[in-house]
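Raw contents of upload26.txt, compact mmCIF, C-alpha atoms and all ligand atoms:
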# COMPACT_ATOMS: atom_id res chain seq x y z
CA MET A 230 17.92 -18.69 33.89
CA PRO A 231 16.49 -19.81 30.55
CA GLU A 232 13.52 -17.78 29.32
CA ALA A 233 10.13 -19.28 30.19
CA SER A 234 8.52 -20.97 27.17
CA PRO A 235 5.20 -19.59 26.03
CA LYS A 236 2.13 -21.66 26.96
CA LEU A 237 0.48 -23.28 23.96
CA THR A 238 -3.25 -23.75 23.55
CA HIS A 239 -2.69 -26.31 20.77
CA PRO A 240 0.55 -28.18 21.57
CA HIS A 241 0.72 -29.87 18.15
CA HIS A 242 0.19 -26.69 16.21
CA GLY A 243 1.58 -23.93 18.40
CA ARG A 244 -0.27 -20.65 18.55
CA PRO A 245 -1.55 -18.97 15.40
CA GLY A 246 0.56 -16.07 14.22
CA VAL A 247 -0.45 -13.11 12.08
CA LEU A 248 2.13 -11.16 10.11
CA LEU A 249 0.94 -7.87 8.62
CA ILE A 250 3.27 -6.66 5.87
CA ASN A 251 3.44 -3.12 4.52
CA LEU A 252 5.95 -1.56 2.16
CA GLY A 253 8.36 0.14 4.53
CA THR A 254 9.67 3.54 5.41
CA PRO A 255 13.06 5.00 6.35
CA ASP A 256 14.26 4.89 9.98
CA ALA A 257 14.59 8.68 10.06
CA PRO A 258 13.72 11.57 7.71
CA GLU A 259 17.39 12.27 7.00
CA THR A 260 19.38 11.77 3.82
CA PRO A 261 21.52 8.75 4.93
CA GLU A 262 18.50 6.81 6.28
CA VAL A 263 16.42 7.63 3.20
CA ARG A 264 19.32 6.60 0.94
CA ARG A 265 19.61 3.23 2.75
CA TYR A 266 15.87 2.66 2.42
CA LEU A 267 15.75 3.65 -1.26
CA ARG A 268 18.76 1.46 -2.02
CA GLN A 269 17.02 -1.61 -0.63
CA PHE A 270 13.65 -0.73 -2.18
CA LEU A 271 14.92 0.13 -5.64
CA SER A 272 17.37 -2.82 -5.79
CA ASP A 273 14.34 -5.11 -5.85
CA PRO A 274 14.04 -6.53 -9.41
CA ARG A 275 10.26 -6.47 -9.01
CA VAL A 276 10.42 -2.68 -8.53
CA LEU A 277 13.09 -1.68 -11.07
CA ASP A 278 12.56 -4.57 -13.46
CA ILE A 279 15.51 -4.03 -15.77
CA ASN A 280 18.78 -5.97 -16.18
CA PRO A 281 20.99 -5.96 -13.05
CA VAL A 282 23.75 -3.85 -14.63
CA GLY A 283 21.26 -1.24 -15.84
CA ARG A 284 19.55 -1.24 -12.44
CA ALA A 285 22.83 -0.70 -10.56
CA ALA A 286 23.81 2.12 -12.94
CA LEU A 287 20.41 3.82 -12.69
CA LEU A 288 20.46 3.49 -8.93
CA ASN A 289 24.05 4.57 -8.24
CA LEU A 290 24.46 7.19 -10.96
CA ILE A 291 21.02 8.77 -11.30
CA ILE A 292 18.73 8.07 -8.33
CA LEU A 293 20.87 7.74 -5.20
CA PRO A 294 23.08 10.82 -5.64
CA THR A 295 20.13 13.24 -5.64
CA ARG A 296 16.79 11.71 -4.65
CA PRO A 297 17.50 10.86 -0.97
CA ALA A 298 18.02 14.53 0.00
CA LYS A 299 14.83 15.58 -1.80
CA SER A 300 12.81 12.71 -0.38
CA ALA A 301 14.18 13.33 3.13
CA GLU A 302 12.86 16.88 2.89
CA ALA A 303 9.42 15.52 1.96
CA TYR A 304 9.59 12.93 4.77
CA ARG A 305 10.27 15.72 7.28
CA GLU A 306 6.89 17.23 6.32
CA VAL A 307 5.02 14.10 7.41
CA TRP A 308 7.22 12.88 10.31
CA THR A 309 5.73 13.21 13.80
CA ASP A 310 6.84 12.63 17.40
CA MET A 311 5.63 9.06 16.92
CA GLY A 312 7.82 8.64 13.83
CA SER A 313 6.75 7.77 10.29
CA PRO A 314 2.96 7.59 9.80
CA LEU A 315 3.17 4.38 7.74
CA LEU A 316 4.91 2.68 10.66
CA PHE A 317 2.91 4.01 13.61
CA HIS A 318 -0.44 3.43 11.89
CA GLY A 319 0.67 -0.13 11.06
CA GLU A 320 1.74 -0.75 14.64
CA ALA A 321 -1.52 0.62 15.99
CA LEU A 322 -3.45 -1.65 13.58
CA ALA A 323 -1.45 -4.71 14.69
CA LYS A 324 -2.07 -3.89 18.34
CA GLU A 325 -5.82 -3.50 17.78
CA ILE A 326 -6.14 -6.70 15.73
CA ALA A 327 -4.26 -8.53 18.51
CA GLN A 328 -6.94 -7.41 20.97
CA HIS A 329 -9.65 -8.78 18.68
CA ILE A 330 -7.86 -12.13 18.14
CA PRO A 331 -6.58 -12.94 21.63
CA GLU A 332 -5.56 -16.48 20.67
CA ALA A 333 -3.05 -15.20 18.09
CA VAL A 334 0.21 -13.28 18.15
CA VAL A 335 0.02 -10.33 15.75
CA VAL A 336 3.13 -8.61 14.41
CA LEU A 337 3.82 -5.90 11.80
CA ALA A 338 6.73 -6.19 9.38
CA MET A 339 7.94 -4.05 6.52
CA ARG A 340 9.09 -5.38 3.13
CA TYR A 341 11.92 -2.81 3.12
CA GLY A 342 13.61 -1.36 6.19
CA ASN A 343 12.41 -1.99 9.73
CA PRO A 344 10.86 -3.90 11.40
CA SER A 345 12.05 -6.49 8.88
CA ILE A 346 10.21 -9.61 7.78
CA ALA A 347 13.03 -11.74 9.23
CA ALA A 348 12.61 -10.05 12.63
CA GLY A 349 8.83 -10.52 12.48
CA LEU A 350 9.19 -14.23 11.70
CA ALA A 351 11.73 -14.67 14.50
CA GLN A 352 9.38 -12.98 16.94
CA LEU A 353 6.51 -15.25 15.91
CA GLN A 354 8.63 -18.40 16.18
CA LYS A 355 9.83 -17.37 19.61
CA ALA A 356 6.19 -16.97 20.67
CA GLY A 357 5.42 -20.52 19.50
CA CYS A 358 3.67 -19.71 16.22
CA ASP A 359 4.03 -22.42 13.58
CA GLU A 360 1.02 -21.48 11.46
CA ILE A 361 1.13 -17.93 10.21
CA VAL A 362 -1.45 -15.86 8.40
CA VAL A 363 0.46 -13.42 6.22
CA PHE A 364 -1.51 -10.30 5.35
CA PRO A 365 0.15 -8.07 2.71
CA LEU A 366 -1.53 -4.72 3.29
CA PHE A 367 -1.91 -3.89 -0.42
CA PRO A 368 -5.52 -3.91 -1.60
CA GLN A 369 -4.64 -4.23 -5.31
CA TYR A 370 -2.12 -6.73 -6.68
CA ALA A 371 1.17 -5.43 -8.03
CA SER A 372 4.31 -7.48 -8.49
CA SER A 373 6.24 -4.58 -6.89
CA SER A 374 4.11 -4.58 -3.71
CA THR A 375 2.12 -7.78 -3.03
CA GLY A 376 4.38 -9.93 -5.25
CA SER A 377 7.50 -8.68 -3.56
CA ALA A 378 6.11 -9.15 -0.04
CA VAL A 379 5.01 -12.69 -0.88
CA GLU A 380 8.41 -13.52 -2.40
CA ALA A 381 10.18 -12.16 0.69
CA ILE A 382 8.07 -14.05 3.23
CA TYR A 383 8.55 -17.35 1.35
CA ALA A 384 12.28 -16.64 1.09
CA GLU A 385 12.70 -15.84 4.80
CA ALA A 386 10.49 -18.73 5.93
CA SER A 387 12.44 -21.18 3.76
CA LYS A 388 15.69 -20.30 5.57
CA LEU A 389 14.42 -21.62 8.91
CA TRP A 390 15.10 -25.17 10.08
CA ASN A 391 11.54 -25.46 11.41
CA THR A 392 9.70 -23.90 8.51
CA PRO A 393 6.47 -22.15 9.51
CA PHE A 394 3.26 -22.97 7.60
CA LEU A 395 2.03 -19.94 5.74
CA ARG A 396 -1.44 -18.86 4.67
CA ILE A 397 -1.35 -15.79 2.51
CA VAL A 398 -4.26 -13.36 2.30
CA PRO A 399 -4.88 -12.48 -1.36
CA PRO A 400 -5.58 -8.96 -2.66
CA PHE A 401 -8.74 -7.46 -1.18
CA TYR A 402 -9.48 -4.67 -3.70
CA ASP A 403 -13.25 -5.26 -3.64
CA ASP A 404 -13.67 -6.96 -0.29
CA PRO A 405 -16.77 -5.48 1.41
CA GLU A 406 -14.79 -5.12 4.67
CA PHE A 407 -12.23 -2.93 2.92
CA ILE A 408 -14.78 -1.00 0.85
CA GLU A 409 -17.12 -0.34 3.77
CA SER A 410 -14.17 0.81 5.90
CA PHE A 411 -13.24 3.44 3.31
CA ALA A 412 -16.87 4.47 2.96
CA GLU A 413 -17.19 4.90 6.71
CA VAL A 414 -14.04 7.01 7.03
CA ALA A 415 -15.13 9.16 4.07
CA ARG A 416 -18.81 9.75 4.92
CA PRO A 417 -18.36 12.51 7.55
CA VAL A 418 -15.74 14.29 5.43
CA LEU A 419 -17.93 14.23 2.30
CA ASP A 420 -21.04 15.27 4.25
CA GLU A 421 -19.26 18.25 5.70
CA MET A 422 -17.39 19.26 2.56
CA GLN A 423 -19.99 18.63 -0.16
CA PRO A 424 -17.27 18.38 -2.86
CA ASP A 425 -18.14 19.06 -6.48
CA HIS A 426 -15.79 16.29 -7.63
CA VAL A 427 -14.27 13.14 -6.12
CA LEU A 428 -10.90 11.88 -7.38
CA PHE A 429 -9.57 8.39 -6.69
CA SER A 430 -5.78 8.58 -6.80
CA TYR A 431 -3.84 5.30 -6.82
CA HIS A 432 -0.11 4.73 -6.58
CA GLY A 433 1.07 4.43 -10.18
CA LEU A 434 2.91 1.63 -11.95
CA PRO A 435 4.95 1.49 -15.14
CA GLU A 436 2.67 0.31 -17.98
CA ARG A 437 5.15 -2.52 -18.56
CA HIS A 438 4.32 -3.99 -15.12
CA VAL A 439 0.67 -4.16 -16.06
CA THR A 440 1.22 -5.83 -19.43
CA LYS A 441 3.54 -8.35 -17.73
CA SER A 442 0.71 -9.34 -15.37
CA ASP A 443 -1.61 -10.18 -18.30
CA ALA A 444 -2.08 -13.97 -18.34
CA THR A 445 -2.67 -13.98 -22.12
CA GLY A 446 -0.48 -11.11 -23.27
CA GLN A 447 -3.47 -10.06 -25.41
CA HIS A 448 -5.60 -7.99 -23.06
CA CYS A 449 -4.04 -5.36 -20.80
CA LEU A 450 -3.64 -1.88 -22.29
CA LYS A 451 -4.77 -3.14 -25.70
CA THR A 452 -8.07 -1.23 -25.52
CA PRO A 453 -9.11 1.87 -23.53
CA ASP A 454 -11.61 -0.17 -21.47
CA CYS A 455 -9.39 -3.21 -20.74
CA CYS A 456 -9.62 -2.67 -16.96
CA GLU A 457 -13.39 -2.28 -16.74
CA SER A 458 -14.12 -5.90 -15.98
CA ILE A 459 -12.03 -8.70 -14.55
CA GLY A 460 -11.60 -12.05 -16.31
CA PHE A 461 -8.94 -14.70 -16.82
CA ALA A 462 -6.43 -12.42 -18.60
CA ASN A 463 -6.43 -9.47 -16.20
CA ARG A 464 -7.30 -11.11 -12.90
CA GLN A 465 -3.98 -9.90 -11.45
CA CYS A 466 -3.95 -6.59 -13.31
CA TYR A 467 -3.29 -3.70 -10.95
CA GLY A 468 -5.29 -1.31 -13.16
CA ALA A 469 -8.30 -3.64 -13.20
CA HIS A 470 -8.10 -4.02 -9.40
CA CYS A 471 -7.96 -0.22 -9.00
CA HIS A 472 -10.94 0.15 -11.31
CA ALA A 473 -12.90 -2.35 -9.21
CA THR A 474 -12.03 -0.50 -5.98
CA THR A 475 -13.23 2.81 -7.44
CA ALA A 476 -16.49 1.26 -8.65
CA ALA A 477 -17.16 -0.39 -5.28
CA ILE A 478 -16.46 2.72 -3.13
CA GLN A 479 -18.43 4.88 -5.57
CA SER A 480 -21.37 2.54 -5.28
CA ALA A 481 -21.13 2.19 -1.46
CA LEU A 482 -21.26 5.98 -1.12
CA GLU A 483 -23.76 6.47 -3.96
CA LEU A 484 -21.46 9.01 -5.60
CA ASN A 485 -22.67 10.55 -8.85
CA PRO A 486 -20.46 8.88 -11.54
CA THR A 487 -20.30 12.08 -13.59
CA HIS A 488 -18.43 13.74 -10.70
CA VAL A 489 -15.97 10.91 -10.11
CA SER A 490 -12.67 10.16 -11.84
CA ALA A 491 -9.51 8.15 -11.19
CA ALA A 492 -5.81 8.80 -11.72
CA TYR A 493 -2.36 7.47 -10.79
CA GLN A 494 0.26 9.27 -8.69
CA SER A 495 3.93 8.91 -7.62
CA ARG A 496 5.58 8.03 -10.91
CA LEU A 497 9.34 7.68 -11.16
CA GLY A 498 11.53 7.82 -14.24
CA ARG A 499 10.79 8.45 -17.89
CA THR A 500 9.00 5.31 -19.05
CA PRO A 501 5.20 5.53 -19.47
CA TRP A 502 3.21 4.85 -16.30
CA LEU A 503 -0.48 4.19 -15.94
CA ARG A 504 -2.56 7.23 -16.92
CA PRO A 505 -4.04 9.70 -16.28
CA TYR A 506 -1.44 11.19 -13.98
CA THR A 507 -2.79 12.67 -10.74
CA ASP A 508 -0.62 15.81 -10.83
CA PHE A 509 -2.01 16.69 -14.29
CA GLU A 510 -5.54 15.58 -13.41
CA VAL A 511 -5.94 17.94 -10.42
CA VAL A 512 -4.89 20.90 -12.62
CA GLU A 513 -7.23 19.74 -15.38
CA LEU A 514 -10.13 19.48 -12.92
CA ALA A 515 -9.47 22.99 -11.58
CA LYS A 516 -9.37 24.34 -15.13
CA ARG A 517 -12.71 22.64 -15.83
CA GLY A 518 -14.21 24.65 -12.96
CA VAL A 519 -14.03 22.20 -10.04
CA LYS A 520 -13.69 24.25 -6.85
CA LYS A 521 -14.03 21.66 -4.08
CA LEU A 522 -12.17 18.43 -4.67
CA ALA A 523 -12.12 15.38 -2.37
CA VAL A 524 -9.34 12.84 -2.97
CA PHE A 525 -9.35 9.17 -1.97
CA CYS A 526 -6.06 7.24 -2.00
CA PRO A 527 -7.30 3.64 -1.76
CA SER A 528 -4.08 1.89 -2.77
CA PHE A 529 -2.89 2.62 0.76
CA VAL A 530 -4.49 1.40 3.98
CA ALA A 531 -2.44 3.87 6.01
CA ASP A 532 -1.57 7.50 5.55
CA CYS A 533 2.04 7.94 4.49
CA LEU A 534 4.32 10.16 2.46
CA GLU A 535 2.31 9.47 -0.69
CA THR A 536 -1.00 10.60 0.79
CA ILE A 537 -0.08 13.35 3.29
CA GLU A 538 2.68 15.03 1.32
CA GLU A 539 2.00 14.19 -2.32
CA ILE A 540 -1.77 14.74 -2.21
CA GLY A 541 -2.48 16.68 0.99
CA ILE A 542 0.30 19.22 0.37
CA ARG A 543 1.61 19.14 -3.21
CA ALA A 544 -1.56 18.29 -5.14
CA GLU A 545 -3.45 20.83 -3.06
CA GLU A 546 -0.98 23.55 -4.05
CA ASP A 547 -1.24 22.62 -7.75
CA PHE A 548 -5.04 22.52 -7.56
CA LYS A 549 -5.26 25.94 -5.94
CA LYS A 550 -2.75 27.50 -8.32
CA ALA A 551 -4.93 26.34 -11.20
CA GLY A 552 -8.06 27.97 -9.74
CA GLY A 553 -9.39 25.36 -7.29
CA GLU A 554 -10.51 26.47 -3.82
CA GLU A 555 -10.32 23.45 -1.55
CA LEU A 556 -8.73 20.02 -1.82
CA ARG A 557 -9.33 17.51 0.94
CA LEU A 558 -7.49 14.26 1.37
CA ILE A 559 -9.89 11.61 2.67
CA PRO A 560 -7.98 10.08 5.59
CA SER A 561 -6.77 6.53 5.07
CA LEU A 562 -8.06 3.55 7.05
CA ASN A 563 -5.17 3.69 9.54
CA SER A 564 -6.41 2.05 12.77
CA SER A 565 -10.01 3.31 12.47
CA GLU A 566 -12.51 1.19 14.33
CA ARG A 567 -14.28 -0.04 11.18
CA TRP A 568 -11.01 -1.11 9.54
CA VAL A 569 -9.78 -2.85 12.68
CA ARG A 570 -13.02 -4.84 12.60
CA GLY A 571 -12.74 -5.40 8.82
CA ALA A 572 -9.08 -6.42 8.86
CA THR A 573 -9.79 -8.74 11.79
CA LYS A 574 -12.56 -10.43 9.79
CA ILE A 575 -10.30 -10.82 6.76
CA VAL A 576 -7.55 -12.38 8.92
CA ARG A 577 -10.02 -14.66 10.72
CA ARG A 578 -11.07 -16.25 7.40
CA HIS A 579 -7.52 -17.58 7.09
CA LEU A 580 -6.84 -18.65 10.65
CA PRO A 581 -6.62 -22.40 11.24
CA VAL A 582 -9.89 -23.90 12.47
CA ARG A 583 -9.49 -26.17 15.49
C1 LIG B 1 0.45 0.78 -2.82
C2 LIG B 1 1.40 0.01 -3.28
C3 LIG B 1 2.64 0.48 -3.88
C4 LIG B 1 3.11 0.15 -5.14
C5 LIG B 1 2.46 -0.76 -6.14
C6 LIG B 1 4.34 0.84 -5.31
C7 LIG B 1 5.13 0.78 -6.48
C8 LIG B 1 6.27 1.53 -6.72
N1 LIG B 1 6.81 2.53 -5.92
C9 LIG B 1 7.94 3.06 -6.53
C10 LIG B 1 8.75 4.08 -6.00
C11 LIG B 1 8.63 4.70 -4.75
N2 LIG B 1 7.57 4.56 -3.86
C12 LIG B 1 7.84 5.23 -2.71
C13 LIG B 1 7.06 5.29 -1.58
C14 LIG B 1 5.95 4.49 -1.30
N3 LIG B 1 5.36 3.56 -2.15
C15 LIG B 1 4.32 2.92 -1.50
C16 LIG B 1 3.49 1.94 -2.01
C17 LIG B 1 3.61 1.37 -3.29
N4 LIG B 1 4.61 1.53 -4.18
C18 LIG B 1 4.25 3.49 -0.19
C19 LIG B 1 3.27 3.04 0.88
C20 LIG B 1 5.23 4.46 -0.07
C21 LIG B 1 5.43 5.43 1.08
C22 LIG B 1 6.36 5.01 2.14
C23 LIG B 1 6.42 5.93 3.31
O1 LIG B 1 7.47 5.87 3.95
O2 LIG B 1 5.52 6.72 3.68
C24 LIG B 1 9.13 5.86 -2.84
C25 LIG B 1 9.87 6.60 -1.72
C26 LIG B 1 9.60 7.99 -1.56
C27 LIG B 1 10.17 8.82 -2.66
O3 LIG B 1 11.39 8.94 -2.77
O4 LIG B 1 9.37 9.29 -3.47
C28 LIG B 1 9.62 5.55 -4.11
C29 LIG B 1 10.94 5.96 -4.71
C30 LIG B 1 8.13 2.34 -7.74
C31 LIG B 1 9.28 2.60 -8.70
C32 LIG B 1 7.09 1.41 -7.87
C33 LIG B 1 6.79 0.41 -8.92
C34 LIG B 1 7.54 0.11 -9.91
FE FE B 2 5.87 3.35 -4.20
FE FE B 3 -5.87 -4.11 -17.48

Would you mind writing the file out in structure tokens?
Amino acid sequence: MPEASPKLTHPHHGRPGVLLINLGTPDAPETPEVRRYLRQFLSDPRVLDINPVGRAALLNLIILPTRPAKSAEAYREVWTDMGSPLLFHGEALAKEIAQHIPEAVVVLAMRYGNPSIAAGLAQLQKAGCDEIVVFPLFPQYASSSTGSAVEAIYAEASKLWNTPFLRIVPPFYDDPEFIESFAEVARPVLDEMQPDHVLFSYHGLPERHVTKSDATGQHCLKTPDCCESIGFANRQCYGAHCHATTAAIQSALELNPTHVSAAYQSRLGRTPWLRPYTDFEVVELAKRGVKKLAVFCPSFVADCLETIEEIGIRAEEDFKKAGGEELRLIPSLNSSERWVRGATKIVRRHLPVR
């Protein structure tokens, strides 16, 4: 018996589809799975943006022989019965958004690993979706995150005989739905904790990636305050987007600017990355007398290795060793009610109007 075809509300257009895209995570917290994931991730020329021969050498001779075992150990610290947090939070978000947009089919895909973008597109086509809202879940633009997800969705869509029609949600670093969601998650934690300092820690990027995003080649990283406002040159500058996110959350929560700072985490390799570095900053803050530190990680919309392990475990240890008393990771947006509502609103702006 052939499978029953899905019923279409708009026969000429199919049903709207929504494809949420996050970065990706290994299938299991074990060395072979982590190696497979890192191989795919770090083979992306938008991530390791050096010549192909250099990239293969760096990958096969330096990174892949040692890093997978170390990373797998870190992944085991965050893994739960439901699997990897990045994946189960993403799936919960997709499920909730689907309930709020009953006319659409909502699917989560990962740029690297599983569930793949190709599988997500196939699932949407099978369900009769010809028009697809693609929502890369990266608040701030980076070529290695948003850029790579956008490249991959265009590439996969272009392989299909019946190409779907894509609408891509742009970066949402200062979108009130995103900002208010973070503020709402943070409020009870801040009220209870009464921190004496608030740190905004963003995933880092090599400085080179930021200067490459400068539309004029004359602006980014040329002055210490290049990221403080957004104009033509730096409108896709990751640092400027991060700065805007910090300013917006700080203002939504009426945080005292003298007790707020920002830093970048998770660097890899020996080239200069955006500064200051989070691991140094938490020690510096403790040495300056900060005892209770709250940390936001607003480059992620879901808790993952980089928030739970790098900040919640490792940064906390460093902070305490340097004299701090308490470090609290502000939970990410995950599938919190406010973010489900906010993400739904953002998606709805891009859905076809009939
Ligand atoms: C928030 C957006 C992200 C950007 C931009 C980004 C750039 C970037 N990342 C690496 C290297 C690694 N990142 C790793 C994990 C990781 N990165 C992001 C997001 C961004 N990365 C997420 C959400 C995660 C966590 C995934 C999870 O499973 O929980 C890792 C893997 C872990 C490890 O071995 O440390 C690496 C490696 C580079 C080089 C880069 C830009 C050039
Ligand atoms: Fe990363
Ligand atoms: Fe900049």

Point to revise | Residues near segment 460-476 of chain A, cut-off 9 Å, all atoms listed in the file, skip fewer than 6 positions along chain, as a ChimeraX atom specification | key: /A:368-372,400-404,408,429,431,434,438-449,489-491,503,527-528

Check your understanding: What gap, in Å, lies between atom CA of Asp278 of chain A and atom CA of Glu539 of chain A?
Key ->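 Straight-line distance from atom CA of Asp278 of chain A to atom CA of Glu539 of chain A works out to 24.2 Å.
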
Exercise for review: Name the residues, by chain letter and number, that sit within 8 Å of ligand LIG 1 (chain B) using only C-alpha atoms and all ligand atoms, and give them as an NGL selection string.
Suggested key: :A and (251-255 or 263 or 267 or 270-271 or 275-278 or 296-297 or 299-301 or 304 or 313-316 or 367-375 or 431-435 or 438 or 495-498 or 528-529 or 531-535)

Point to revise | Counting only C-alpha atoms and all ligand atoms, the option among A:Ile382, A:Cys526, A:Ala572, A:Leu450 closest to ligand FE 3 (chain B) | key: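 Under the stated criterion, the closest residue is A:Leu450.
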
Point to revise | Sphere at (2.9, -8.6, 5.1), radius 10 Å, counting only C-alpha atoms: residues as an NGL selection string | key: :A and (247-252 or 336-340 or 346 or 349 or 362-367 or 374-375 or 377-379 or 381-382 or 397-398)

Check your understanding: Do you have the atom CA of Leu293 of chain A-atom CA of Arg265 of chain A distance handy?
Key ->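 Going from atom CA of Leu293 of chain A over to atom CA of Arg265 of chain A, I get 9.2 Å.
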
**Study point:** Selected residue, from A:Phe525, A:Thr500, A:Lys236, A:Asp508, that lies nearest to Ile478 of chain A when counting only C-alpha atoms
**Key:**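 Ranked by minimum distance to Ile478 of chain A, first place goes to A:Phe525.
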
Point to revise | Close residues, His241 of chain A itself excluded, 12 Å, only C-alpha atoms, min 2 positions apart in chain, as a list of chain:residue names | key: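 Everything that qualifies: A:Leu237, A:Thr238, A:His239, A:Gly243, A:Arg244, A:Pro245, A:Gly357, A:Cys358, A:Asp359, A:Glu360, A:Arg583.
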
Study note, to complete from the structure: ligand FE 2 (chain B) proximity check over A:Ala356, A:Glu483, A:Gln494, A:Trp308, using all atoms listed in the file: winner is A:Gln494

Check your understanding: In Å to one decimal, how far is atom CA of Glu302 of chain A from atom CA of Val282 of chain A?
Key ->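 Atom CA of Glu302 of chain A lies 29.2 Å from atom CA of Val282 of chain A.
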
Point to revise | For ligand FE 2 (chain B), the nearest of the candidates A:Val334, A:Tyr493, A:Lys550, A:Glu325, counting only C-alpha atoms and all ligand atoms | key: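 Distance minimum relative to ligand FE 2 (chain B) lands on A:Tyr493.
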